[in-house]
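Source file: my_file-v8.cif (mmCIF, C-alpha atoms and all ligand atoms)
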data_coords
loop_
_atom_site.label_atom_id
_atom_site.label_comp_id
_atom_site.auth_asym_id
_atom_site.auth_seq_id
_atom_site.Cartn_x
_atom_site.Cartn_y
_atom_site.Cartn_z
CA MET A 1 92.67 84.93 18.85
CA LYS A 2 93.16 88.52 17.76
CA LYS A 3 94.78 90.54 20.56
CA VAL A 4 92.88 93.78 20.99
CA ALA A 5 93.71 96.26 23.76
CA LEU A 6 91.55 99.09 24.96
CA PHE A 7 93.67 102.07 26.04
CA PRO A 8 91.27 104.08 28.21
CA GLY A 9 91.79 107.61 29.46
CA SER A 10 90.44 111.12 29.59
CA PHE A 11 92.97 112.29 26.99
CA ASP A 12 92.18 115.93 27.79
CA PRO A 13 94.40 116.41 25.87
CA PHE A 14 96.04 113.36 24.24
CA THR A 15 99.82 113.90 24.66
CA LYS A 16 103.09 112.54 23.30
CA GLY A 17 103.19 110.33 26.42
CA HIS A 18 99.90 108.72 25.38
CA ALA A 19 101.05 108.35 21.75
CA ASP A 20 104.19 106.56 22.96
CA ILE A 21 102.09 104.04 24.91
CA VAL A 22 99.93 103.41 21.81
CA MET A 23 102.94 102.90 19.50
CA ARG A 24 104.62 100.54 21.94
CA GLY A 25 101.30 98.79 22.53
CA LEU A 26 101.10 98.05 18.80
CA LYS A 27 104.17 95.82 19.17
CA LEU A 28 102.21 93.65 21.61
CA PHE A 29 98.67 93.82 20.25
CA ASP A 30 97.05 93.38 16.84
CA GLU A 31 94.90 96.41 17.47
CA VAL A 32 94.77 99.24 20.02
CA ILE A 33 91.48 101.00 20.64
CA ILE A 34 91.94 104.42 22.19
CA GLY A 35 88.89 104.84 24.42
CA ILE A 36 88.12 108.41 25.39
CA GLY A 37 86.19 108.13 28.63
CA THR A 38 83.57 110.82 28.79
CA ASN A 39 81.54 111.72 31.78
CA SER A 40 78.40 113.70 31.02
CA ALA A 41 78.64 115.37 34.45
CA LYS A 42 82.24 116.50 33.89
CA LYS A 43 83.12 119.24 31.45
CA ARG A 44 86.19 118.71 29.28
CA TYR A 45 88.77 121.42 28.59
CA PHE A 46 89.42 120.25 25.02
CA PRO A 47 86.16 119.30 23.26
CA LEU A 48 85.66 115.60 22.58
CA GLU A 49 85.10 116.00 18.85
CA MET A 50 88.23 118.09 18.38
CA MET A 51 90.34 115.64 20.39
CA THR A 52 88.95 112.68 18.43
CA ASP A 53 89.95 114.41 15.17
CA LYS A 54 93.46 115.18 16.46
CA ILE A 55 94.02 111.60 17.60
CA ARG A 56 92.73 110.29 14.27
CA GLU A 57 95.16 112.62 12.46
CA THR A 58 98.01 111.33 14.67
CA PHE A 59 97.43 107.70 13.68
CA GLN A 60 96.28 108.22 10.09
CA ASP A 61 99.11 106.02 8.77
CA THR A 62 97.98 102.87 10.56
CA ASN A 63 94.74 100.92 10.47
CA LYS A 64 95.62 99.16 13.72
CA VAL A 65 94.47 102.06 15.89
CA LYS A 66 90.78 102.79 16.46
CA ILE A 67 89.27 105.65 18.44
CA ILE A 68 86.05 105.46 20.38
CA ALA A 69 84.35 107.54 23.07
CA TYR A 70 82.40 105.92 25.88
CA ASP A 71 80.35 107.01 28.87
CA ASP A 72 80.35 103.76 30.82
CA LEU A 73 82.46 101.63 33.10
CA THR A 74 85.74 100.85 31.37
CA ALA A 75 85.12 97.14 32.02
CA ASN A 76 81.83 97.41 30.09
CA ALA A 77 83.51 99.27 27.23
CA VAL A 78 86.04 96.42 26.93
CA VAL A 79 83.18 94.01 26.26
CA THR A 80 81.20 96.42 24.05
CA TYR A 81 84.15 97.07 21.74
CA GLY A 82 85.44 93.50 21.62
CA ALA A 83 88.76 94.15 23.36
CA ASN A 84 90.46 91.47 25.44
CA PHE A 85 93.11 93.51 27.26
CA LEU A 86 93.42 96.89 28.91
CA LEU A 87 96.50 98.99 28.21
CA ARG A 88 97.73 101.67 30.62
CA GLY A 89 100.87 103.71 31.13
CA LEU A 90 102.79 104.02 34.37
CA ARG A 91 104.80 107.14 35.09
CA ASN A 92 105.49 106.91 38.79
CA THR A 93 104.39 105.42 42.10
CA THR A 94 101.32 107.66 42.23
CA ASP A 95 100.13 106.13 38.95
CA PHE A 96 100.94 102.70 40.36
CA GLU A 97 98.87 103.13 43.55
CA TYR A 98 95.88 104.18 41.51
CA GLU A 99 96.26 101.63 38.72
CA ASN A 100 96.79 98.79 41.15
CA THR A 101 93.26 99.02 42.54
CA ILE A 102 91.56 99.83 39.26
CA SER A 103 93.09 96.84 37.51
CA GLN A 104 91.98 94.52 40.31
CA VAL A 105 88.43 95.88 40.15
CA ASN A 106 88.37 95.51 36.36
CA ARG A 107 89.54 91.91 36.59
CA HIS A 108 86.78 91.29 39.12
CA LEU A 109 84.18 92.83 36.80
CA VAL A 110 85.33 90.99 33.68
CA ASN A 111 86.65 87.57 34.51
CA GLY A 112 90.28 87.20 33.44
CA LEU A 113 90.64 90.71 32.09
CA GLU A 114 94.33 91.56 32.26
CA THR A 115 95.68 95.09 32.28
CA VAL A 116 99.06 95.48 30.59
CA PHE A 117 101.18 98.33 31.94
CA LEU A 118 103.94 100.00 29.99
CA ILE A 119 106.48 102.06 31.90
CA THR A 120 106.73 105.52 30.42
CA SER A 121 109.72 106.50 28.27
CA PRO A 122 111.84 108.69 30.61
CA GLU A 123 111.84 111.75 28.37
CA LEU A 124 108.03 111.70 28.31
CA ALA A 125 107.43 111.00 31.99
CA PRO A 126 106.95 114.66 33.01
CA ILE A 127 104.17 115.19 30.46
CA SER A 128 100.69 115.15 31.90
CA SER A 129 97.37 116.32 30.50
CA THR A 130 96.86 118.41 33.64
CA ILE A 131 100.07 120.38 33.07
CA VAL A 132 99.32 120.85 29.36
CA ARG A 133 95.84 122.20 30.22
CA GLU A 134 97.29 124.57 32.78
CA LEU A 135 99.94 125.89 30.36
CA HIS A 136 97.39 126.29 27.59
CA LYS A 137 94.95 128.12 29.83
CA TYR A 138 97.53 130.82 30.52
CA GLY A 139 98.64 131.12 26.92
CA ALA A 140 101.90 129.13 27.00
CA LYS A 141 102.90 127.10 23.94
CA VAL A 142 102.07 123.41 24.31
CA ASN A 143 102.63 121.91 20.85
CA GLU A 144 105.96 120.36 21.89
CA PHE A 145 104.05 118.10 24.29
CA LEU A 146 101.50 116.98 21.71
CA PRO A 147 101.85 114.60 18.74
CA TYR A 148 99.75 117.01 16.59
CA ASP A 149 99.50 120.78 16.27
CA LEU A 150 96.86 122.71 18.12
CA ASP A 151 95.59 125.40 15.75
P1 LIG A 201 92.97 109.07 33.31
O1 LIG A 201 92.08 110.23 33.51
O2 LIG A 201 92.24 107.78 33.14
O3 LIG A 201 94.14 108.96 34.27
P2 LIG A 201 94.79 110.09 31.32
O4 LIG A 201 94.31 110.59 30.01
O5 LIG A 201 95.37 111.10 32.25
O6 LIG A 201 93.56 109.31 31.89
O7 LIG A 201 95.87 108.94 31.11
C1 LIG A 201 95.57 107.75 30.43
C2 LIG A 201 96.70 106.75 30.61
O8 LIG A 201 97.89 107.26 30.05
C3 LIG A 201 97.03 106.42 32.08
O9 LIG A 201 97.38 105.07 32.15
C4 LIG A 201 98.22 107.28 32.35
O10 LIG A 201 99.04 106.75 33.38
C5 LIG A 201 98.92 107.23 31.01
N1 LIG A 201 99.78 108.38 30.79
C6 LIG A 201 99.49 109.69 30.93
N2 LIG A 201 100.55 110.47 30.64
C7 LIG A 201 101.58 109.62 30.32
C8 LIG A 201 102.95 109.79 29.97
N3 LIG A 201 103.51 111.00 29.89
N4 LIG A 201 103.67 108.68 29.73
C9 LIG A 201 103.12 107.46 29.83
N5 LIG A 201 101.83 107.21 30.18
C10 LIG A 201 101.07 108.28 30.42
#
Would you mind giving the structure from this file in structure tokens?
Ligand code: ADP
Amino acid sequence: MKKVALFPGSFDPFTKGHADIVMRGLKLFDEVIIGIGTNSAKKRYFPLEMMTDKIRETFQDTNKVKIIAYDDLTANAVVTYGANFLLRGLRNTTDFEYENTISQVNRHLVNGLETVFLITSPELAPISSTIVRELHKYGAKVNEFLPYDLD
């Protein structure tokens, strides 16, 4: 059976920390689908279309990474896009507390659905989308945190 992982997130923006999880995920899975969770009621800072293009540009050298956007329960998106695992990154205990519950709920919703967690690479642990947004908002340079250049 082909091992396909859905890597869900807001990716607002997609950072070097996220890219590291995808690259390491590719050693475990045949394919990684980056799922940009969108919520029609929640406005993004970086537009969805622009972020999709930037992520596509980041992984242009591999055909093992797909990018999709979904406005649904992550567990439903797993089924819709033919994935059989969830992939998530863990930076710290705060991430763990949150992920712990979510993964149990997802396994309840889709029988046997396992979430695979990769511990962040230490040099990338401080990078968060929230901090990048905040820096960008006030005009600070953020390209060093991103695997692509913001124009
Ligand atoms: P969400 O809104 O679902 O938390 P994010 O886009 O913030 O989505 O993060 C998606 C996933 O990437 C989460 O599993 C998160 O823990 C992980 N992640 C975020 N930043 C990093 C990082 N610097 N290193 C490793 N994993 C990360």
Output the neighbourhood of ligand LIG 201 (chain A) as a PyMOL selection string, that is, all protein and nucleic acid residues with some atom at most 8 Å from the ligand, counting only C-alpha atoms and all ligand atoms. chain A and resi 7-18+20-21+37+87-91+95+99+117-121+124-130
Taking into account only C-alpha atoms, which residue in the set A:Ser103, A:Ala19, A:Phe96, A:Leu73 is nearest to Glu57 of chain A? A:Ala19
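Atom CA of Pro147 of chain A is found 6.5 Å from atom CA of Thr58 of chain A.
You will find atom CA of Ile102 of chain A at 24.5 Å from atom CA of Val132 of chain A.
Near Asp71 of chain A, within a cut-off of 12 Å and counting all atoms listed in the file, sit the residues Pro8, Gly9, Ser10, Gly35, Ile36, Gly37, Thr38, Asn39, Ser40, Ala41, Lys42, Leu48, Asn76, Ala77 and Thr80 of chain A, with same-chain residues fewer than 5 positions away left out.
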Write a file of the just-selected residues containing C-alpha atoms, as an mmCIF file, keeping the file's coordinate frame.
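What follows is the written file out.cif:
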data_model
loop_
_atom_site.group_PDB
_atom_site.id
_atom_site.type_symbol
_atom_site.label_atom_id
_atom_site.label_comp_id
_atom_site.auth_asym_id
_atom_site.auth_seq_id
_atom_site.Cartn_x
_atom_site.Cartn_y
_atom_site.Cartn_z
ATOM 1 C CA PRO A 8 91.270 104.080 28.210
ATOM 2 C CA GLY A 9 91.790 107.610 29.460
ATOM 3 C CA SER A 10 90.440 111.120 29.590
ATOM 4 C CA GLY A 35 88.890 104.840 24.420
ATOM 5 C CA ILE A 36 88.120 108.410 25.390
ATOM 6 C CA GLY A 37 86.190 108.130 28.630
ATOM 7 C CA THR A 38 83.570 110.820 28.790
ATOM 8 C CA ASN A 39 81.540 111.720 31.780
ATOM 9 C CA SER A 40 78.400 113.700 31.020
ATOM 10 C CA ALA A 41 78.640 115.370 34.450
ATOM 11 C CA LYS A 42 82.240 116.500 33.890
ATOM 12 C CA LEU A 48 85.660 115.600 22.580
ATOM 13 C CA ASN A 76 81.830 97.410 30.090
ATOM 14 C CA ALA A 77 83.510 99.270 27.230
ATOM 15 C CA THR A 80 81.200 96.420 24.050
#
Quote the spacing between atom CA of Ile131 of chain A and atom CA of Arg44 of chain A in Å to one decimal place. 14.5 Å
Need to verify the contact set: Phe29 of chain A, 8 Å, all atoms listed in the file, exclusion of same-chain residues closer than 4 positions in sequence. Can you return it as an mmCIF file with C-alpha atoms, in the coordinates of the input?
data_model
loop_
_atom_site.group_PDB
_atom_site.id
_atom_site.type_symbol
_atom_site.label_atom_id
_atom_site.label_comp_id
_atom_site.auth_asym_id
_atom_site.auth_seq_id
_atom_site.Cartn_x
_atom_site.Cartn_y
_atom_site.Cartn_z
ATOM 1 C CA LYS A 3 94.780 90.540 20.560
ATOM 2 C CA VAL A 4 92.880 93.780 20.990
ATOM 3 C CA ALA A 5 93.710 96.260 23.760
ATOM 4 C CA GLY A 25 101.300 98.790 22.530
#
Smallest atom-to-atom distance to Ala83 of chain A: which of A:Thr115, A:Thr52, A:Asn143, A:Thr62, using only C-alpha atoms? A:Thr115
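Checking A:Asn100, A:Gln60, A:Asn84, A:Asn92 one by one against Leu113 of chain A, counting only C-alpha atoms, you find the shortest gap at A:Asn84.
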Could you write out as JSON the box around segment 36-40 of chain A (axis-aligned, all atoms listed in the file, 4 Å on each side), with centre and edge lengths in Å to one decimal?
{"center_x": 83.3, "center_y": 110.9, "center_z": 28.6, "size_x": 17.7, "size_y": 13.6, "size_z": 14.4}
Saved segment 106-117 of chain A from the preceding structure, all heavy atoms, as a CSV table (one decimal), in the first residue's frame:
chain,number,residue,atom,x,y,z
A,106,ASN,N,-9.0,12.6,15.9
A,106,ASN,CA,-8.9,12.2,14.5
A,106,ASN,C,-8.9,10.7,14.3
A,106,ASN,O,-9.5,10.2,13.4
A,106,ASN,CB,-7.6,12.8,13.8
A,106,ASN,CG,-7.8,14.3,13.5
A,106,ASN,OD1,-8.9,14.7,13.2
A,106,ASN,ND2,-6.7,15.0,13.6
A,107,ARG,N,-8.3,10.0,15.3
A,107,ARG,CA,-8.3,8.5,15.2
A,107,ARG,C,-9.7,8.0,15.5
A,107,ARG,O,-10.1,6.9,15.0
A,107,ARG,CB,-7.3,7.9,16.2
A,107,ARG,CG,-7.1,6.4,16.0
A,107,ARG,CD,-5.6,6.0,16.2
A,107,ARG,NE,-5.1,6.5,17.4
A,107,ARG,CZ,-5.0,5.8,18.5
A,107,ARG,NH1,-5.5,4.5,18.5
A,107,ARG,NH2,-4.5,6.2,19.6
A,108,HIS,N,-10.5,8.8,16.3
A,108,HIS,CA,-11.8,8.4,16.6
A,108,HIS,C,-12.7,8.6,15.3
A,108,HIS,O,-13.6,7.8,15.0
A,108,HIS,CB,-12.4,9.2,17.8
A,108,HIS,CG,-13.8,9.1,18.0
A,108,HIS,ND1,-14.3,8.0,18.7
A,108,HIS,CD2,-14.9,9.9,17.7
A,108,HIS,CE1,-15.6,8.1,18.8
A,108,HIS,NE2,-16.0,9.2,18.2
A,109,LEU,N,-12.4,9.7,14.6
A,109,LEU,CA,-13.2,10.0,13.5
A,109,LEU,C,-13.0,9.1,12.3
A,109,LEU,O,-13.9,8.7,11.5
A,109,LEU,CB,-13.0,11.5,13.0
A,109,LEU,CG,-13.5,12.5,14.0
A,109,LEU,CD1,-13.0,13.9,13.6
A,109,LEU,CD2,-15.0,12.5,14.1
A,110,VAL,N,-11.7,8.8,12.1
A,110,VAL,CA,-11.3,7.8,11.0
A,110,VAL,C,-10.6,6.7,11.7
A,110,VAL,O,-9.5,6.8,12.2
A,110,VAL,CB,-10.4,8.5,10.0
A,110,VAL,CG1,-9.9,7.5,8.9
A,110,VAL,CG2,-11.1,9.7,9.3
A,111,ASN,N,-11.3,5.5,11.7
A,111,ASN,CA,-10.8,4.4,12.4
A,111,ASN,C,-9.4,4.0,12.0
A,111,ASN,O,-9.1,3.8,10.8
A,111,ASN,CB,-11.7,3.2,12.0
A,111,ASN,CG,-11.5,2.0,13.0
A,111,ASN,OD1,-10.9,2.2,14.0
A,111,ASN,ND2,-12.0,0.9,12.6
A,112,GLY,N,-8.5,4.0,13.0
A,112,GLY,CA,-7.1,3.5,12.7
A,112,GLY,C,-6.2,4.6,12.1
A,112,GLY,O,-5.0,4.4,11.8
A,113,LEU,N,-6.7,5.8,12.0
A,113,LEU,CA,-5.9,6.9,11.4
A,113,LEU,C,-4.7,7.3,12.4
A,113,LEU,O,-5.0,7.8,13.5
A,113,LEU,CB,-6.7,8.1,11.1
A,113,LEU,CG,-5.9,9.4,10.6
A,113,LEU,CD1,-5.2,9.1,9.3
A,113,LEU,CD2,-6.9,10.5,10.5
A,114,GLU,N,-3.5,7.0,12.0
A,114,GLU,CA,-2.4,7.4,12.9
A,114,GLU,C,-1.8,8.7,12.5
A,114,GLU,O,-1.6,9.0,11.3
A,114,GLU,CB,-1.3,6.3,12.8
A,114,GLU,CG,-1.7,4.9,13.2
A,114,GLU,CD,-1.9,4.8,14.7
A,114,GLU,OE1,-1.7,5.8,15.5
A,114,GLU,OE2,-2.3,3.7,15.2
A,115,THR,N,-1.4,9.5,13.5
A,115,THR,CA,-0.7,10.7,13.3
A,115,THR,C,0.8,10.5,13.6
A,115,THR,O,1.1,10.0,14.7
A,115,THR,CB,-1.3,11.9,14.2
A,115,THR,OG1,-2.6,12.0,14.0
A,115,THR,CG2,-0.6,13.2,13.9
A,116,VAL,N,1.6,10.8,12.7
A,116,VAL,CA,3.1,10.6,12.9
A,116,VAL,C,3.6,12.0,13.3
A,116,VAL,O,3.4,13.0,12.5
A,116,VAL,CB,3.7,10.1,11.7
A,116,VAL,CG1,5.3,10.0,11.8
A,116,VAL,CG2,3.2,8.6,11.4
A,117,PHE,N,4.3,12.1,14.4
A,117,PHE,CA,4.9,13.4,14.9
A,117,PHE,C,6.4,13.4,14.7
A,117,PHE,O,7.1,12.4,15.1
A,117,PHE,CB,4.6,13.6,16.3
A,117,PHE,CG,3.1,13.7,16.6
A,117,PHE,CD1,2.4,12.6,17.1
A,117,PHE,CD2,2.5,14.8,16.4
A,117,PHE,CE1,1.1,12.7,17.4
A,117,PHE,CE2,1.1,15.0,16.7
A,117,PHE,CZ,0.4,13.9,17.2
